[in-house]
Amino acid sequence: MNKTFWLSLGIASSLLTAIPSYASSPAEKTPVNNTKQSVRTIPQSKATGTSAELQTVQIWAGHGVSISFYETDETIKRVWLDDPSRILIDVDGCLEGLSNSNCKNSGAGLIHLRQINPIKIPGIPVATNGAHLTVVTQNNNGERKVYNFRVVMGKGSPQYSSIQITPDVTQKEAAPPDSIIVATISRGIQVAAERRWITPSNPLWQKLQNLVQELESGKNLTGAAQSSGVSSKLTERLLQLGTEPTPTQQKIKPALHRSTQQVLKYRNN
């Protein structure tokens, strides 16, 4: 066996060691790694606006999750939960539709969601793919934004306790991202996924996506890894994977090497 084989085998073993033991287990099994990030952050542009993505919020039995808008200095004005048969919603203020009395000063900054035993509500179908939560906010200038979330029942041990909506970092505030680091880490994640060492259903997958987002925002690798809950050992393995030559490049390199030798031989003659 050649050196390339043993090097690839060594990197594969190292990556599997760095990834928590639940990474290759089904999503519904309880993760072995007990170290969890308490707070999950979502930039504003990822949850509202024309480029927003539908954000999934998990809540676990006996472990509710809060969605905070404190960082954005926005006031929650209205909320709608399309299937309240399994989810109880509360806010840290007074909102029309959630209070038994009329609100003189309608507004809140935080939403709390928790599971309840399923109840039948006439005329409301059960959301089989997650309950849709709509949040309308207003800033100090009177501008309103609409946020959309998909609320699902979490399985296994809780992954976070709170979700913070954070302001997007402007280009002036952010350092330019290191495009090489971003590309290498992204490539490393792609290689790990292609080799089935990690799949989108694993809890670690979202942390790796957050790592790329943090790097794209201008954070250095150490800061991005810490805020995303990714170990330094794993980032090193991803960098190694991201710099591995592709199968095509592995075939081309010897050919290029032989061509170079021929050219040098011709010139020496």
# chains A, B, ... in the order shown; residues from 1 in each chain; ligands from 1
$ residues_around --residues "region 208-211 of chain A" --least-positions-apart "5" --cutoff "7 Å" --atoms "only C-alpha atoms" --output "ChimeraX atom specification"
/A:224-225,228
$ write_last_selection --atoms "C-alpha atoms" --output "compact mmCIF listing (two decimals), in the first residue's frame"
# COMPACT_ATOMS: atom_id res chain seq x y z
CA ALA A 224 -15.69 31.49 14.51
CA ALA A 225 -15.05 28.00 15.87
CA SER A 228 -20.14 27.95 16.62
$ residues_around --residues "Gly142 (chain A)" --least-positions-apart "5" --cutoff "12 Å" --atoms "only C-alpha atoms" --output "JSON, numbers by chain"
{"A": [73, 74, 75, 76, 77, 136, 137]}
$ select_by_dssp --residues "region 51-133 of chain A" --states "strand (DSSP E)" --output "NGL selection string"
:A and (55-59 or 65-68 or 75-81 or 87-91 or 110-115 or 131-133)
$ closest_residue --among "A:Leu238, A:Met153, A:Leu98, A:Ile89" --to "Asn129 (chain A)" --atoms "only C-alpha atoms"
A:Met153
$ closest_residue --among "A:Pro203, A:Pro167, A:Gly218, A:Pro245" --to "Ile42 (chain A)" --atoms "only C-alpha atoms"
A:Pro167
$ residues_around --residues "Ser162 (chain A)" --least-positions-apart "4" --cutoff "6 Å" --atoms "only C-alpha atoms" --output "list in words"
Val39, Val65 and Ser66 of chain A
$ write_last_selection --atoms "C-alpha atoms" --output "PDB file, in the first residue's frame"
ATOM      1  CA  VAL A  39     -27.688  30.008  22.718  1.00  0.00           C
ATOM      2  CA  VAL A  65     -36.982  27.514  23.807  1.00  0.00           C
ATOM      3  CA  SER A  66     -37.043  31.308  23.764  1.00  0.00           C
TER       4      SER A  66
END
$ atom_distance --atom1 "CA of Gln159 (chain A)" --atom2 "CA of Gly223 (chain A)"
20.5 Å
$ residues_around --residues "region 180-186 of chain A" --least-positions-apart "2" --cutoff "8 Å" --atoms "only C-alpha atoms" --output "compact mmCIF listing (two decimals) with C-alpha atoms, in the first residue's frame"
# COMPACT_ATOMS: atom_id res chain seq x y z
CA PRO A 177 -13.34 37.27 5.17
CA ASP A 178 -10.34 35.09 4.42
CA GLY A 188 -13.59 19.94 4.04
CA ILE A 189 -17.26 19.77 5.06
CA GLN A 190 -18.18 18.69 1.53
CA VAL A 212 -18.92 28.90 7.66
CA LEU A 215 -16.08 32.98 8.77
CA GLU A 216 -17.95 34.70 5.94
CA LEU A 221 -11.02 30.83 12.48
CA THR A 235 -11.41 22.58 12.35
CA LEU A 238 -11.59 20.01 8.05
CA LEU A 239 -8.67 22.13 6.84
CA GLY A 242 -10.21 20.75 2.32
CA THR A 243 -6.65 20.74 1.00
$ residues_around --residues "region 116-119 of chain A" --least-positions-apart "5" --cutoff "7 Å" --atoms "only C-alpha atoms" --output "list of chain:residue names"
A:Ser85, A:Arg86, A:Ile87, A:Leu88
$ write_last_selection --atoms "C-alpha atoms" --output "short mmCIF file (atom, residue, chain, number, x, y, z; two decimals), in the first residue's frame"
data_model
loop_
_atom_site.label_atom_id
_atom_site.label_comp_id
_atom_site.auth_asym_id
_atom_site.auth_seq_id
_atom_site.Cartn_x
_atom_site.Cartn_y
_atom_site.Cartn_z
CA SER A 85 -52.45 21.96 19.62
CA ARG A 86 -49.00 20.88 20.88
CA ILE A 87 -47.24 24.17 21.57
CA LEU A 88 -47.82 26.78 24.25
#
$ residues_around --residues "Trp60 (chain A)" --least-positions-apart "4" --cutoff "7 Å" --atoms "only C-alpha atoms" --output "number ranges by chain"
A: 64, 115, 153-155, 158
$ atom_distance --atom1 "CA of Arg78 (chain A)" --atom2 "CA of Gln44 (chain A)"
17.5 Å
$ closest_residue --among "A:Arg150, A:Lys145, A:His63, A:His132" --to "Arg114 (chain A)" --atoms "only C-alpha atoms"
A:His63
$ atom_distance --atom1 "CA of Lys46 (chain A)" --atom2 "CA of Cys94 (chain A)"
26.6 Å
$ select_by_dssp --residues "region 191-245 of chain A" --states "alpha helix (DSSP H)" --output "PyMOL selection string"
chain A and resi 191-194+203-216+221-228+232-242
$ write_last_selection --atoms "N, CA and C atoms" --output "mmCIF file, in the first residue's frame"
data_model
loop_
_atom_site.group_PDB
_atom_site.id
_atom_site.type_symbol
_atom_site.label_atom_id
_atom_site.label_comp_id
_atom_site.auth_asym_id
_atom_site.auth_seq_id
_atom_site.Cartn_x
_atom_site.Cartn_y
_atom_site.Cartn_z
ATOM 1 N N VAL A 191 -16.258 17.194 1.637
ATOM 2 C CA VAL A 191 -15.584 15.893 1.566
ATOM 3 C C VAL A 191 -16.104 14.958 2.657
ATOM 4 N N ALA A 192 -16.252 15.498 3.882
ATOM 5 C CA ALA A 192 -16.770 14.681 4.988
ATOM 6 C C ALA A 192 -18.184 14.180 4.685
ATOM 7 N N ALA A 193 -19.004 15.038 4.052
ATOM 8 C CA ALA A 193 -20.366 14.636 3.695
ATOM 9 C C ALA A 193 -20.353 13.586 2.592
ATOM 10 N N GLU A 194 -19.474 13.754 1.601
ATOM 11 C CA GLU A 194 -19.389 12.787 0.508
ATOM 12 C C GLU A 194 -18.960 11.412 1.010
ATOM 13 N N PRO A 203 -26.790 16.602 14.489
ATOM 14 C CA PRO A 203 -26.756 17.905 15.172
ATOM 15 C C PRO A 203 -25.499 18.719 14.858
ATOM 16 N N LEU A 204 -24.380 18.036 14.581
ATOM 17 C CA LEU A 204 -23.137 18.739 14.306
ATOM 18 C C LEU A 204 -23.201 19.509 12.991
ATOM 19 N N TRP A 205 -24.066 19.070 12.075
ATOM 20 C CA TRP A 205 -24.144 19.698 10.751
ATOM 21 C C TRP A 205 -24.446 21.197 10.861
ATOM 22 N N GLN A 206 -25.431 21.558 11.700
ATOM 23 C CA GLN A 206 -25.805 22.969 11.842
ATOM 24 C C GLN A 206 -24.652 23.777 12.421
ATOM 25 N N LYS A 207 -23.872 23.186 13.332
ATOM 26 C CA LYS A 207 -22.721 23.893 13.891
ATOM 27 C C LYS A 207 -21.697 24.208 12.798
ATOM 28 N N LEU A 208 -21.509 23.260 11.886
ATOM 29 C CA LEU A 208 -20.553 23.481 10.802
ATOM 30 C C LEU A 208 -21.053 24.558 9.842
ATOM 31 N N GLN A 209 -22.375 24.587 9.608
ATOM 32 C CA GLN A 209 -22.928 25.655 8.763
ATOM 33 C C GLN A 209 -22.746 27.015 9.436
ATOM 34 N N ASN A 210 -22.935 27.044 10.768
ATOM 35 C CA ASN A 210 -22.724 28.288 11.512
ATOM 36 C C ASN A 210 -21.251 28.719 11.444
ATOM 37 N N LEU A 211 -20.344 27.733 11.460
ATOM 38 C CA LEU A 211 -18.916 28.027 11.370
ATOM 39 C C LEU A 211 -18.607 28.749 10.060
ATOM 40 N N VAL A 212 -19.150 28.256 8.959
ATOM 41 C CA VAL A 212 -18.919 28.899 7.660
ATOM 42 C C VAL A 212 -19.505 30.311 7.643
ATOM 43 N N GLN A 213 -20.701 30.474 8.213
ATOM 44 C CA GLN A 213 -21.330 31.791 8.250
ATOM 45 C C GLN A 213 -20.503 32.777 9.070
ATOM 46 N N GLU A 214 -19.970 32.309 10.186
ATOM 47 C CA GLU A 214 -19.143 33.183 11.026
ATOM 48 C C GLU A 214 -17.871 33.594 10.275
ATOM 49 N N LEU A 215 -17.280 32.658 9.540
ATOM 50 C CA LEU A 215 -16.079 32.979 8.768
ATOM 51 C C LEU A 215 -16.406 33.974 7.661
ATOM 52 N N GLU A 216 -17.545 33.795 7.012
ATOM 53 C CA GLU A 216 -17.952 34.703 5.941
ATOM 54 C C GLU A 216 -18.234 36.107 6.464
ATOM 55 N N LEU A 221 -10.646 32.238 12.316
ATOM 56 C CA LEU A 221 -11.018 30.834 12.479
ATOM 57 C C LEU A 221 -11.235 30.465 13.937
ATOM 58 N N THR A 222 -10.378 30.974 14.824
ATOM 59 C CA THR A 222 -10.519 30.636 16.248
ATOM 60 C C THR A 222 -11.824 31.185 16.814
ATOM 61 N N GLY A 223 -12.118 32.452 16.544
ATOM 62 C CA GLY A 223 -13.350 33.063 17.052
ATOM 63 C C GLY A 223 -14.583 32.421 16.459
ATOM 64 N N ALA A 224 -14.544 32.123 15.163
ATOM 65 C CA ALA A 224 -15.692 31.493 14.508
ATOM 66 C C ALA A 224 -15.958 30.114 15.072
ATOM 67 N N ALA A 225 -14.899 29.358 15.325
ATOM 68 C CA ALA A 225 -15.054 28.005 15.875
ATOM 69 C C ALA A 225 -15.642 28.045 17.280
ATOM 70 N N GLN A 226 -15.163 28.984 18.092
ATOM 71 C CA GLN A 226 -15.660 29.089 19.465
ATOM 72 C C GLN A 226 -17.134 29.472 19.496
ATOM 73 N N SER A 227 -17.531 30.462 18.700
ATOM 74 C CA SER A 227 -18.925 30.903 18.717
ATOM 75 C C SER A 227 -19.862 29.872 18.091
ATOM 76 N N SER A 228 -19.318 28.970 17.263
ATOM 77 C CA SER A 228 -20.142 27.950 16.617
ATOM 78 C C SER A 228 -20.154 26.637 17.389
ATOM 79 N N SER A 232 -11.350 22.970 18.068
ATOM 80 C CA SER A 232 -10.190 23.303 17.250
ATOM 81 C C SER A 232 -9.641 22.067 16.545
ATOM 82 N N LYS A 233 -9.776 20.919 17.183
ATOM 83 C CA LYS A 233 -9.305 19.666 16.580
ATOM 84 C C LYS A 233 -10.087 19.362 15.316
ATOM 85 N N LEU A 234 -11.401 19.602 15.350
ATOM 86 C CA LEU A 234 -12.230 19.334 14.179
ATOM 87 C C LEU A 234 -11.940 20.326 13.055
ATOM 88 N N THR A 235 -11.720 21.599 13.396
ATOM 89 C CA THR A 235 -11.408 22.581 12.353
ATOM 90 C C THR A 235 -10.102 22.227 11.652
ATOM 91 N N GLU A 236 -9.131 21.704 12.416
ATOM 92 C CA GLU A 236 -7.865 21.287 11.810
ATOM 93 C C GLU A 236 -8.083 20.141 10.832
ATOM 94 N N ARG A 237 -8.953 19.196 11.203
ATOM 95 C CA ARG A 237 -9.240 18.058 10.318
ATOM 96 C C ARG A 237 -9.956 18.524 9.056
ATOM 97 N N LEU A 238 -10.863 19.499 9.214
ATOM 98 C CA LEU A 238 -11.586 20.014 8.053
ATOM 99 C C LEU A 238 -10.634 20.742 7.105
ATOM 100 N N LEU A 239 -9.668 21.464 7.672
ATOM 101 C CA LEU A 239 -8.675 22.130 6.838
ATOM 102 C C LEU A 239 -7.839 21.113 6.072
ATOM 103 N N GLN A 240 -7.504 20.003 6.737
ATOM 104 C CA GLN A 240 -6.740 18.960 6.062
ATOM 105 C C GLN A 240 -7.549 18.338 4.929
ATOM 106 N N LEU A 241 -8.811 18.061 5.212
ATOM 107 C CA LEU A 241 -9.665 17.490 4.175
ATOM 108 C C LEU A 241 -9.853 18.463 3.019
ATOM 109 N N GLY A 242 -9.976 19.740 3.353
ATOM 110 C CA GLY A 242 -10.210 20.745 2.323
ATOM 111 C C GLY A 242 -9.036 20.976 1.411
#
$ closest_residue --among "A:Asn148, A:Thr128, A:Thr72, A:Ser106" --to "Ala52 (chain A)" --atoms "only C-alpha atoms"
A:Asn148
